[in-house]
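This is start-v2.cif (mmCIF, C-alpha atoms).
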```cif
data_start
#
loop_
_atom_site.label_atom_id
_atom_site.label_comp_id
_atom_site.auth_asym_id
_atom_site.auth_seq_id
_atom_site.Cartn_x
_atom_site.Cartn_y
_atom_site.Cartn_z
CA MET A 1054 13.46 -33.68 57.78
CA GLN A 1055 11.25 -33.22 54.75
CA VAL A 1056 11.70 -29.52 54.08
CA THR A 1057 8.55 -29.02 52.01
CA ARG A 1058 6.43 -30.12 54.97
CA GLN A 1059 7.94 -27.71 57.52
CA PRO A 1060 6.09 -24.37 57.11
CA VAL A 1061 8.59 -22.35 59.14
CA LEU A 1062 11.25 -22.90 56.48
CA ARG A 1063 9.14 -20.76 54.15
CA ARG A 1064 10.00 -17.81 56.43
CA PHE A 1065 13.62 -17.43 55.31
CA TRP A 1066 15.33 -15.81 52.34
CA TYR A 1067 16.76 -18.11 49.67
CA ALA A 1068 18.99 -17.27 46.69
CA VAL A 1069 17.26 -18.78 43.68
CA MET A 1070 19.13 -17.65 40.55
CA PRO A 1071 21.60 -15.10 39.15
CA LEU A 1072 19.87 -11.82 38.26
CA GLU A 1073 21.27 -11.94 34.74
CA LYS A 1074 19.03 -14.92 33.99
CA LEU A 1075 16.04 -12.59 34.16
CA ASP A 1076 17.35 -10.63 31.18
CA ALA A 1077 16.01 -13.45 28.97
CA GLY A 1078 12.45 -13.08 30.28
CA PRO A 1079 10.35 -14.90 32.91
CA GLN A 1080 12.16 -17.74 34.67
CA ALA A 1081 10.56 -20.70 36.42
CA PHE A 1082 11.88 -22.04 39.73
CA THR A 1083 10.67 -24.46 42.38
CA LEU A 1084 11.28 -23.36 45.98
CA LEU A 1085 10.32 -25.72 48.82
CA GLY A 1086 7.97 -27.49 46.43
CA GLU A 1087 6.27 -24.22 45.35
CA ASN A 1088 6.31 -23.42 41.61
CA ILE A 1089 7.22 -19.77 41.21
CA VAL A 1090 8.16 -17.47 38.35
CA LEU A 1091 10.56 -14.52 38.48
CA TRP A 1092 10.98 -11.55 36.14
CA ARG A 1093 12.35 -8.01 36.05
CA THR A 1094 9.93 -5.16 36.70
CA ALA A 1095 10.09 -1.79 34.95
CA ASP A 1096 12.81 -0.49 37.30
CA GLY A 1097 14.93 -3.64 36.83
CA SER A 1098 14.23 -5.14 40.24
CA PRO A 1099 13.15 -8.80 40.45
CA ALA A 1100 9.63 -9.93 41.31
CA ALA A 1101 8.18 -13.35 42.04
CA VAL A 1102 4.67 -14.82 41.96
CA ARG A 1103 3.15 -18.29 41.80
CA ASP A 1104 3.74 -19.84 38.39
CA ARG A 1105 0.06 -20.38 37.65
CA CYS A 1106 -2.31 -18.04 35.86
CA CYS A 1107 -5.60 -17.59 37.73
CA HIS A 1108 -7.52 -17.79 34.45
CA ARG A 1109 -6.85 -21.30 33.11
CA THR A 1110 -3.80 -22.33 35.21
CA ALA A 1111 -1.18 -21.92 32.47
CA ARG A 1112 2.42 -21.56 33.58
CA LEU A 1113 3.17 -17.84 33.66
CA SER A 1114 6.82 -18.67 33.02
CA LYS A 1115 5.72 -19.58 29.47
CA GLY A 1116 4.71 -15.95 28.92
CA PHE A 1117 6.67 -12.72 28.49
CA VAL A 1118 7.34 -9.34 30.09
CA ASP A 1119 5.67 -6.16 28.82
CA ASN A 1120 6.55 -2.79 30.41
CA GLY A 1121 7.61 -4.54 33.61
CA HIS A 1122 4.42 -6.61 33.86
CA LEU A 1123 4.18 -10.39 33.48
CA VAL A 1124 1.95 -11.51 30.60
CA CYS A 1125 0.48 -15.00 30.41
CA GLY A 1126 1.35 -16.70 27.15
CA TYR A 1127 -2.07 -18.38 26.91
CA HIS A 1128 -4.62 -15.54 26.84
CA GLY A 1129 -2.51 -12.49 27.69
CA TRP A 1130 -3.76 -11.84 31.21
CA THR A 1131 -1.25 -9.41 32.67
CA TYR A 1132 0.05 -9.24 36.26
CA ASP A 1133 1.98 -6.72 38.32
CA CYS A 1134 4.56 -7.48 41.00
CA THR A 1135 1.86 -7.78 43.68
CA GLY A 1136 0.23 -10.63 41.79
CA ALA A 1137 -2.81 -8.56 40.76
CA CYS A 1138 -4.15 -8.94 37.24
CA VAL A 1139 -4.06 -5.47 35.69
CA ARG A 1140 -5.22 -6.25 32.17
CA ILE A 1141 -7.48 -8.71 30.40
CA PRO A 1142 -7.01 -7.95 26.69
CA GLN A 1143 -10.26 -9.63 25.60
CA GLN A 1144 -12.36 -7.19 27.67
CA PRO A 1145 -10.42 -3.91 27.81
CA HIS A 1146 -13.43 -1.80 28.80
CA LEU A 1147 -14.46 -3.91 31.78
CA GLN A 1148 -12.99 -3.68 35.27
CA VAL A 1149 -10.65 -6.53 36.17
CA PRO A 1150 -12.37 -8.75 38.79
CA ALA A 1151 -11.02 -8.26 42.32
CA GLY A 1152 -10.27 -11.97 42.62
CA ALA A 1153 -8.11 -12.03 39.52
CA ARG A 1154 -4.75 -12.34 41.16
CA VAL A 1155 -2.03 -14.86 42.00
CA PRO A 1156 0.02 -15.17 45.22
CA ALA A 1157 3.09 -12.92 45.23
CA TYR A 1158 6.29 -13.49 47.20
CA ARG A 1159 8.90 -11.22 48.70
CA CYS A 1160 11.77 -10.85 46.25
CA GLN A 1161 15.01 -8.87 46.49
CA ALA A 1162 18.22 -8.43 44.54
CA LYS A 1163 21.48 -8.87 46.44
CA PHE A 1164 25.02 -10.04 45.66
CA GLY A 1165 24.02 -10.47 42.01
CA TYR A 1166 21.19 -12.92 42.76
CA ALA A 1167 17.42 -12.89 43.11
CA TRP A 1168 16.32 -13.90 46.62
CA VAL A 1169 12.83 -15.07 47.54
CA ALA A 1170 10.97 -15.61 50.83
CA LEU A 1171 7.67 -17.46 50.45
CA ASP A 1172 6.25 -16.12 53.75
CA GLU A 1173 7.07 -13.25 56.15
CA PRO A 1174 10.83 -13.56 56.83
CA LEU A 1175 11.97 -14.22 60.39
CA VAL A 1176 15.31 -12.48 59.78
CA PRO A 1177 16.51 -9.91 57.24
CA LEU A 1178 18.67 -10.83 54.28
CA LEU A 1179 22.26 -11.36 55.37
CA ASP A 1180 25.00 -8.82 54.67
CA THR A 1181 28.74 -9.11 54.26
CA GLU A 1182 31.76 -6.89 54.81
CA GLU A 1183 33.48 -8.06 51.63
CA GLU A 1184 31.22 -5.83 49.54
CA ALA A 1185 32.15 -2.75 51.59
CA LEU A 1186 35.84 -3.69 51.48
CA GLY A 1187 35.75 -3.75 47.70
CA TYR A 1188 36.74 -7.39 47.23
CA ARG A 1189 36.02 -8.71 43.77
CA ARG A 1190 32.93 -10.91 43.53
CA ILE A 1191 32.93 -13.96 41.27
CA HIS A 1192 29.89 -16.08 40.43
CA GLN A 1193 30.65 -19.79 40.77
CA PHE A 1194 27.68 -22.17 40.82
CA ASP A 1195 24.01 -22.24 39.90
CA GLU A 1196 23.14 -25.90 39.50
CA THR A 1197 20.78 -28.57 40.76
CA TRP A 1198 22.01 -31.36 43.03
CA ARG A 1199 20.07 -34.43 44.11
CA THR A 1200 20.72 -34.09 47.82
CA GLY A 1201 19.21 -32.46 50.91
CA ALA A 1202 19.91 -28.89 52.03
CA LEU A 1203 21.01 -29.99 55.51
CA ARG A 1204 23.32 -32.61 53.99
CA MET A 1205 25.03 -29.87 51.98
CA MET A 1206 25.32 -27.57 54.97
CA GLU A 1207 26.80 -30.05 57.44
CA ASN A 1208 29.27 -31.25 54.81
CA SER A 1209 30.46 -27.65 54.44
CA PHE A 1210 31.70 -27.65 58.06
CA ASP A 1211 32.97 -31.23 58.15
CA THR A 1212 36.79 -31.25 58.27
CA ALA A 1213 36.86 -35.05 58.73
CA HIS A 1214 36.02 -35.76 55.09
CA PHE A 1215 38.90 -33.79 53.55
CA ALA A 1216 41.38 -36.69 53.65
CA PHE A 1217 38.95 -38.98 51.87
CA VAL A 1218 36.62 -36.99 49.61
CA HIS A 1219 39.20 -34.37 48.61
CA LYS A 1220 42.28 -36.55 48.27
CA GLY A 1221 42.34 -35.65 44.57
CA THR A 1222 42.67 -31.93 45.24
CA PHE A 1223 43.79 -30.52 48.60
CA GLY A 1224 43.12 -33.28 51.15
CA GLN A 1225 46.04 -34.92 52.96
CA GLY A 1226 45.46 -38.66 53.37
CA ALA A 1227 46.94 -38.86 56.84
CA GLN A 1228 45.38 -35.62 58.11
CA HIS A 1229 42.13 -36.74 59.71
CA LYS A 1230 41.82 -33.88 62.20
CA PRO A 1231 42.37 -30.12 62.04
CA GLU A 1232 45.26 -28.59 63.97
CA PHE A 1233 42.79 -26.30 65.68
CA PHE A 1234 39.01 -26.24 65.87
CA GLU A 1235 36.58 -24.06 67.80
CA ILE A 1236 32.86 -23.45 67.43
CA ARG A 1237 30.76 -20.64 68.92
CA GLU A 1238 26.99 -20.54 68.71
CA THR A 1239 25.32 -17.28 67.70
CA ASN A 1240 21.77 -16.04 67.34
CA TYR A 1241 21.93 -16.72 63.58
CA GLY A 1242 23.59 -20.14 63.85
CA PHE A 1243 27.27 -20.51 64.70
CA GLU A 1244 30.83 -19.50 63.88
CA ALA A 1245 33.43 -22.19 63.38
CA GLU A 1246 37.18 -21.64 63.24
CA ALA A 1247 39.70 -24.25 62.12
CA ILE A 1248 43.29 -24.52 60.93
CA VAL A 1249 43.89 -27.40 58.51
CA PRO A 1250 47.13 -28.41 56.70
CA ILE A 1251 46.42 -29.02 53.01
CA ASN A 1252 48.18 -30.16 49.87
CA ASN A 1253 49.08 -27.39 47.45
CA PRO A 1254 49.55 -28.87 43.96
CA PRO A 1255 50.93 -26.63 41.19
CA GLU A 1256 47.46 -25.89 39.79
CA SER A 1257 46.49 -24.23 43.09
CA HIS A 1258 49.66 -22.13 43.59
CA ARG A 1259 48.09 -18.90 42.33
CA ILE A 1260 44.99 -19.61 44.40
CA THR A 1261 46.85 -20.05 47.70
CA GLY A 1262 49.51 -17.47 46.89
CA THR A 1263 52.42 -19.83 47.56
CA THR A 1264 54.45 -22.44 45.66
CA GLU A 1265 55.11 -24.59 48.71
CA ALA A 1266 53.99 -28.23 48.35
CA THR A 1267 51.77 -27.86 51.41
CA THR A 1268 50.22 -24.92 53.18
CA LYS A 1269 47.51 -24.24 55.74
CA ARG A 1270 43.95 -23.08 55.48
CA HIS A 1271 42.61 -20.92 58.27
CA PHE A 1272 38.84 -21.35 58.20
CA LEU A 1273 36.67 -18.55 59.60
CA ASN A 1274 33.20 -19.95 58.89
CA GLU A 1275 29.62 -19.01 59.62
CA TRP A 1276 26.42 -21.02 59.41
CA HIS A 1277 23.24 -18.98 58.95
CA LEU A 1278 19.94 -20.73 59.65
CA PRO A 1279 18.71 -22.60 57.83
CA PHE A 1280 20.89 -23.34 54.80
CA THR A 1281 23.52 -20.67 54.13
CA ARG A 1282 27.26 -20.98 54.70
CA LYS A 1283 29.99 -18.34 54.67
CA LEU A 1284 33.38 -19.99 54.21
CA GLY A 1285 36.23 -17.63 54.99
CA LEU A 1286 39.65 -18.97 54.00
CA VAL A 1287 42.84 -17.15 54.95
CA TYR A 1288 46.17 -18.39 53.60
CA PRO A 1289 49.61 -17.62 55.09
CA SER A 1290 50.26 -15.58 51.94
CA GLY A 1291 47.62 -13.07 53.07
CA ILE A 1292 45.11 -14.11 50.41
CA ARG A 1293 41.52 -13.99 51.63
CA HIS A 1294 39.16 -16.32 49.78
CA THR A 1295 35.57 -16.04 51.00
CA ILE A 1296 32.82 -18.29 49.63
CA PHE A 1297 29.08 -17.99 50.16
CA THR A 1298 27.12 -21.18 49.57
CA CYS A 1299 23.32 -21.40 49.54
CA ALA A 1300 21.73 -24.84 49.59
CA THR A 1301 18.39 -23.60 48.31
CA PRO A 1302 15.79 -26.37 48.77
CA ILE A 1303 13.89 -27.15 45.59
CA ASP A 1304 11.98 -30.02 47.19
CA ASP A 1305 12.66 -32.86 49.62
CA GLU A 1306 15.31 -34.46 47.42
CA ARG A 1307 16.95 -31.62 45.47
CA ILE A 1308 18.73 -28.34 46.09
CA GLN A 1309 19.88 -25.50 43.90
CA LEU A 1310 23.53 -24.90 44.73
CA ILE A 1311 24.15 -21.14 44.54
CA GLN A 1312 27.72 -20.11 45.26
CA TRP A 1313 29.82 -17.00 44.79
CA LEU A 1314 33.34 -16.02 45.81
CA TYR A 1315 35.14 -12.93 47.12
CA ARG A 1316 38.92 -12.38 46.79
CA ASN A 1317 41.15 -9.59 48.07
CA ASP A 1318 43.45 -9.86 45.04
CA THR A 1319 43.04 -8.92 41.38
CA GLU A 1320 42.20 -10.68 38.14
CA ALA A 1321 45.86 -10.31 37.15
CA ASP A 1322 46.96 -12.04 40.36
CA CYS A 1323 44.62 -15.00 39.85
CA PRO A 1324 42.06 -15.16 37.01
CA ALA A 1325 38.44 -15.94 37.87
CA ALA A 1326 38.48 -18.78 35.35
CA LEU A 1327 41.32 -20.46 37.26
CA LEU A 1328 39.56 -20.01 40.59
CA ASN A 1329 36.33 -21.48 39.23
CA GLU A 1330 38.13 -24.38 37.59
CA TRP A 1331 39.79 -25.34 40.88
CA ASP A 1332 36.72 -24.85 43.03
CA THR A 1333 34.67 -26.87 40.53
CA ARG A 1334 37.06 -29.79 40.97
CA VAL A 1335 36.70 -29.56 44.75
CA VAL A 1336 32.91 -29.16 44.73
CA LEU A 1337 32.35 -32.03 42.31
CA GLU A 1338 34.20 -34.29 44.73
CA ASP A 1339 31.56 -33.36 47.31
CA LYS A 1340 28.74 -33.87 44.81
CA VAL A 1341 29.66 -37.49 44.15
CA ILE A 1342 29.32 -38.29 47.86
CA LEU A 1343 26.37 -36.07 48.71
CA GLU A 1344 24.24 -37.46 45.90
CA SER A 1345 24.80 -40.93 47.35
CA VAL A 1346 23.39 -40.15 50.81
CA ASP A 1347 19.74 -40.06 51.86
CA ALA A 1348 18.50 -36.53 51.23
CA ASP A 1349 16.20 -36.74 54.27
CA ALA A 1350 18.65 -35.94 57.09
CA PRO A 1351 17.09 -36.44 60.55
CA VAL A 1352 17.18 -33.42 62.85
CA ASP A 1353 15.91 -35.23 65.95
CA ILE A 1354 19.07 -37.10 66.90
CA ALA A 1355 17.28 -38.72 69.86
CA ARG A 1356 15.80 -41.18 67.37
CA ARG A 1357 19.34 -42.40 66.65
CA ASP A 1358 18.61 -42.97 62.98
CA GLU A 1359 22.29 -42.19 62.38
CA GLN A 1360 25.42 -42.51 64.50
CA SER A 1361 27.80 -39.58 65.06
CA MET A 1362 31.40 -38.93 66.07
CA LEU A 1363 33.11 -36.01 67.80
CA SER A 1364 33.97 -34.20 64.56
CA ASP A 1365 30.28 -34.16 63.64
CA ARG A 1366 29.64 -31.44 66.22
CA PRO A 1367 28.76 -28.73 63.64
CA GLY A 1368 26.16 -30.99 62.05
CA VAL A 1369 24.80 -32.04 65.43
CA ILE A 1370 24.38 -28.37 66.41
CA MET A 1371 22.63 -27.68 63.11
CA ARG A 1372 20.19 -30.50 63.76
CA ARG A 1373 19.50 -29.31 67.30
CA ARG A 1374 18.97 -25.71 66.24
CA LEU A 1375 16.68 -26.74 63.39
CA LEU A 1376 14.66 -28.95 65.73
CA GLU A 1377 14.39 -26.04 68.19
CA LEU A 1378 13.25 -23.80 65.34
CA LEU A 1379 10.48 -26.24 64.47
CA GLN A 1380 9.40 -26.55 68.08
CA GLN A 1381 9.36 -22.78 68.61
CA HIS A 1382 6.83 -22.54 65.79
CA GLY A 1383 4.65 -25.40 66.92
CA GLU A 1384 5.98 -27.93 64.46
CA THR A 1385 7.34 -31.44 64.78
CA GLU A 1386 9.85 -32.94 62.40
CA VAL A 1387 8.31 -34.59 59.36
CA HIS A 1388 10.71 -37.28 58.29
CA GLY A 1389 10.92 -40.33 56.08
CA TRP A 1390 12.44 -42.74 58.57
CA PRO A 1391 9.33 -44.65 59.76
CA VAL A 1392 11.00 -48.07 59.97
CA ARG A 1393 14.53 -49.09 60.76
CA ILE A 1394 15.94 -51.48 58.22
CA LEU A 1395 18.08 -53.07 60.90
CA SER A 1396 17.48 -52.43 64.59
CA ARG A 1397 20.31 -52.40 67.13
CA GLU A 1398 18.89 -55.45 68.84
CA ALA A 1399 18.76 -57.44 65.60
CA ALA A 1400 22.20 -56.46 64.35
CA PRO A 1401 24.41 -59.49 63.65
CA ALA A 1402 27.75 -59.88 65.35
CA CYS A 1403 30.76 -58.84 63.30
#
```
For this file, produce the structure as structure tokens.
Amino acid sequence: MQVTRQPVLRRFWYAVMPLEKLDAGPQAFTLLGENIVLWRTADGSPAAVRDRCCHRTARLSKGFVDNGHLVCGYHGWTYDCTGACVRIPQQPHLQVPAGARVPAYRCQAKFGYAWVALDEPLVPLLDTEEEALGYRRIHQFDETWRTGALRMMENSFDTAHFAFVHKGTFGQGAQHKPEFFEIRETNYGFEAEAIVPINNPPESHRITGTTEATTKRHFLNEWHLPFTRKLGLVYPSGIRHTIFTCATPIDDERIQLIQWLYRNDTEADCPAALLNEWDTRVVLEDKVILESVDADAPVDIARRDEQSMLSDRPGVIMRRRLLELLQQHGETEVHGWPVRILSREAAPAC
């Protein structure tokens, strides 16, 4: 599925960057192939418009902020958060033309990040109990990966890759299946529960809350259409380690990985730097693999562009639900699989 060519995907909220980035002035971002610019308005809230001045098409992200308004760095045309030009410095006594405006997008602050929806959102921004419970929140990732958003999401629920991809951190080489696995579909996507034995090397003792050589992870996960994952980990020690991952689609081949973490312990129990160091090791193991796959993951599995196994059920459900979403909005999947390199009929015998 080529995400930039599926209009319905513009109708969801996406985390695009930490709010603190906006303290430095206007920030450029590309969301679903759309060049946008974000800045802080006078009350500190984020705003987003198309990154293109309506005067001579200069990038507004090359400008600056003045009293909460966005000023083009080329000729000083000034815009408010609705995208309307409110000042043309070269003709201060003339009324600004009604057509002097740029498209504006819905933009909100939540969980320490700026979120943007390019078109009218189908669902509200998600919420989480960890904020109300007072868990500490730790920023983890804000980086670009050369992979597809669906690839990142299905990998996040794939317990079959632990023994191979994560053998350098927590994966057990002989543990190819979870002890327990259950998945329940919901209106927003699905919930997946799993219990997986893992290795617990000394560098992860403070993270898991135990010094045993092995322990178990109890996964209480959620997938939120289209590309958000809540990973709830519960250790036997009582530690709750909840990760939110957003695979924000930049274009058809790249995502912005936005990730933050909640813990029910304290900085003294386990420093944020240690948590981020460990999770970085784990996530980079995923990155090596995910950047080697085709970013264009097919959602119509009837085409049989890829083969699946039983443990791929979360990814198969994602593909079905995404295909249903497209169909409900009168769309068909736009994909980059026009020709099979090797058909089943022409496959050589092993």
Just want the 6 Å neighbourhood of region 1232-1242 of chain A, counted on only C-alpha atoms, with same-chain residues fewer than 4 positions away dropped. Output as a list in words.
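Once the adjacent positions are removed, what remains is Glu1246, Ala1247, Ile1248, Val1249, Trp1276, His1277 and Leu1278 of chain A.
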Using only C-alpha atoms, tabulate the residues of region 1197-1292 of chain A lying at most 8 Å from any atom of region 1298-1303 of chain A, each with its closest atom pair and that distance in Å to one decimal, by chain and increasing residue number, as JSON lines.
```
{"residue": "A:Gly1201", "atom": "CA", "partner": "A:Pro1302", "partner_atom": "CA", "distance": 7.3}
{"residue": "A:Ala1202", "atom": "CA", "partner": "A:Ala1300", "partner_atom": "CA", "distance": 5.1}
{"residue": "A:Leu1203", "atom": "CA", "partner": "A:Ala1300", "partner_atom": "CA", "distance": 7.9}
{"residue": "A:Met1205", "atom": "CA", "partner": "A:Ala1300", "partner_atom": "CA", "distance": 6.5}
{"residue": "A:Met1206", "atom": "CA", "partner": "A:Ala1300", "partner_atom": "CA", "distance": 7.0}
{"residue": "A:Phe1280", "atom": "CA", "partner": "A:Ala1300", "partner_atom": "CA", "distance": 5.5}
{"residue": "A:Thr1281", "atom": "CA", "partner": "A:Cys1299", "partner_atom": "CA", "distance": 4.7}
{"residue": "A:Arg1282", "atom": "CA", "partner": "A:Thr1298", "partner_atom": "CA", "distance": 5.1}
{"residue": "A:Lys1283", "atom": "CA", "partner": "A:Thr1298", "partner_atom": "CA", "distance": 6.5}
{"residue": "A:Leu1284", "atom": "CA", "partner": "A:Thr1298", "partner_atom": "CA", "distance": 7.9}
```
Evaluate the PyMOL selection byres ((chain A and resi 1343) around 8) and report residues as a compact mmCIF listing (two decimals) with C-alpha atoms, in the frame of the given file:
```txt
# COMPACT_ATOMS: atom_id res chain seq x y z
CA ARG A 1199 20.07 -34.43 44.11
CA THR A 1200 20.72 -34.09 47.82
CA ARG A 1204 23.32 -32.61 53.99
CA MET A 1205 25.03 -29.87 51.98
CA ASP A 1339 31.56 -33.36 47.31
CA LYS A 1340 28.74 -33.87 44.81
CA VAL A 1341 29.66 -37.49 44.15
CA ILE A 1342 29.32 -38.29 47.86
CA GLU A 1344 24.24 -37.46 45.90
CA SER A 1345 24.80 -40.93 47.35
CA VAL A 1346 23.39 -40.15 50.81
```
Which residues, named as in the file, does the PyMOL selection byres ((chain A and resi 1323) around 10) pick out? Answer as a list in words.
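That selection, the PyMOL selection byres ((chain A and resi 1323) around 10), comes back as Ser1257, His1258, Arg1259, Ile1260, Thr1261, Gly1262, Arg1316, Asp1318, Thr1319, Glu1320, Ala1321, Asp1322, Pro1324, Ala1325, Ala1326, Leu1327 and Leu1328 of chain A.
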For the selection you just gave me, I'd like the residues written to a file as a compact mmCIF listing (two decimals), keeping the file's coordinate frame, keeping C-alpha atoms.
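Written file, out_34.txt:
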```
# COMPACT_ATOMS: atom_id res chain seq x y z
CA SER A 1257 46.49 -24.23 43.09
CA HIS A 1258 49.66 -22.13 43.59
CA ARG A 1259 48.09 -18.90 42.33
CA ILE A 1260 44.99 -19.61 44.40
CA THR A 1261 46.85 -20.05 47.70
CA GLY A 1262 49.51 -17.47 46.89
CA ARG A 1316 38.92 -12.38 46.79
CA ASP A 1318 43.45 -9.86 45.04
CA THR A 1319 43.04 -8.92 41.38
CA GLU A 1320 42.20 -10.68 38.14
CA ALA A 1321 45.86 -10.31 37.15
CA ASP A 1322 46.96 -12.04 40.36
CA PRO A 1324 42.06 -15.16 37.01
CA ALA A 1325 38.44 -15.94 37.87
CA ALA A 1326 38.48 -18.78 35.35
CA LEU A 1327 41.32 -20.46 37.26
CA LEU A 1328 39.56 -20.01 40.59
```
Please write the residues picked by the PyMOL selection byres ((chain A and resi 1274) around 6) on this file as a PyMOL selection string.
chain A and resi 1244-1245+1272-1273+1275+1283-1285
Draw an axis-aligned box over all listed atoms of region 1147-1154 of chain A, pad each side with 3 Å, and write its centre and edge lengths in Å, one decimal, as JSON.
```
{"center_x": -9.6, "center_y": -8.0, "center_z": 37.2, "size_x": 15.7, "size_y": 14.7, "size_z": 16.8}
```
Give the answer as one residue: which of A:Pro1254, A:Ala1185, A:His1388, A:Arg1307 has the shortest atom-to-atom distance to Lys1220 (chain A), using all atoms listed in the file?
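With all atoms listed in the file as the atom set, the closest residue is A:Pro1254.
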Show which residues sit within 8 Å of Arg1093 (chain A), as a count of residues only. Count all atoms listed in the file, and ignore same-chain residues fewer than 3 positions away.
11
Contacts of region 1299-1348 of chain A with region 1147-1168 of chain A up to 12 Å, shortest pair per row, only C-alpha atoms, as CSV:
```
residue,atom,partner,partner_atom,distance
A:Cys1299,CA,A:Trp1168,CA,10.7
A:Thr1301,CA,A:Trp1168,CA,10.1
A:Ile1311,CA,A:Tyr1166,CA,8.9
A:Gln1312,CA,A:Tyr1166,CA,10.0
A:Trp1313,CA,A:Phe1164,CA,8.5
A:Leu1314,CA,A:Phe1164,CA,10.2
A:Tyr1315,CA,A:Phe1164,CA,10.6
```
At what distance in Å, to one decimal, does CA of Val1218 (chain A) lie from CA of Glu1256 (chain A)?
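Distance reported for this atom pair: 18.4 Å.
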Find the residues of region 1174-1292 of chain A that sit at most 8 Å from region 1061-1072 of chain A; for each, write down the nearest two atoms and how far apart they are in Å, to one decimal. Count all atoms listed in the file. Sort by chain, then by number going up, and give it as a Markdown table.
```
| residue | atom | partner | partner_atom | distance |
| --- | --- | --- | --- | --- |
| A:Pro1174 | CA | A:Arg1064 | CA | 4.3 |
| A:Leu1175 | CA | A:Arg1064 | CA | 5.7 |
| A:Val1176 | CA | A:Phe1065 | CA | 6.9 |
| A:Pro1177 | CA | A:Trp1066 | CA | 7.8 |
| A:Leu1178 | CA | A:Trp1066 | CA | 6.3 |
| A:Asp1195 | CA | A:Met1070 | CA | 6.7 |
| A:Pro1279 | CA | A:Leu1062 | CA | 7.6 |
```
Grab the residues selected above and save them as an mmCIF file, in the frame of the given file with C-alpha atoms.
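File produced: result.cif:
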```cif
data_model
loop_
_atom_site.group_PDB
_atom_site.id
_atom_site.type_symbol
_atom_site.label_atom_id
_atom_site.label_comp_id
_atom_site.auth_asym_id
_atom_site.auth_seq_id
_atom_site.Cartn_x
_atom_site.Cartn_y
_atom_site.Cartn_z
ATOM 1 C CA PRO A 1174 10.830 -13.560 56.830
ATOM 2 C CA LEU A 1175 11.970 -14.220 60.390
ATOM 3 C CA VAL A 1176 15.310 -12.480 59.780
ATOM 4 C CA PRO A 1177 16.510 -9.910 57.240
ATOM 5 C CA LEU A 1178 18.670 -10.830 54.280
ATOM 6 C CA ASP A 1195 24.010 -22.240 39.900
ATOM 7 C CA PRO A 1279 18.710 -22.600 57.830
#
```
Of A:Leu1113, A:Cys1106, A:Cys1138, A:Met1371, the one nearest to Ala1081 (chain A) when counting only C-alpha atoms is A:Leu1113
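The coordinates place CA of Glu1173 (chain A) at 18.1 Å from CA of Leu1091 (chain A).
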Please list, as a list in words, the residues that have an atom at most 12 Å away from (42.4, -10.4, 54.5) in the coordinates of this file, counting all atoms listed in the file.
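Those within range, by chain then number, are Glu1182, Glu1183, Leu1186, Gly1187, Tyr1188, His1271, Leu1273, Gly1285, Leu1286, Val1287, Tyr1288, Pro1289, Ser1290, Gly1291, Ile1292, Arg1293, His1294, Thr1295, Tyr1315, Arg1316, Asn1317 and Asp1318 of chain A.
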Would you mind telling me which residue in A:Arg1109, A:Leu1310, A:His1122, A:Gly1136 lies nearest to Ile1089 (chain A) when using all atoms listed in the file?
A:Gly1136
CA of Thr1094 (chain A) to CA of Lys1115 (chain A), straight-line distance in Å:
16.7 Å
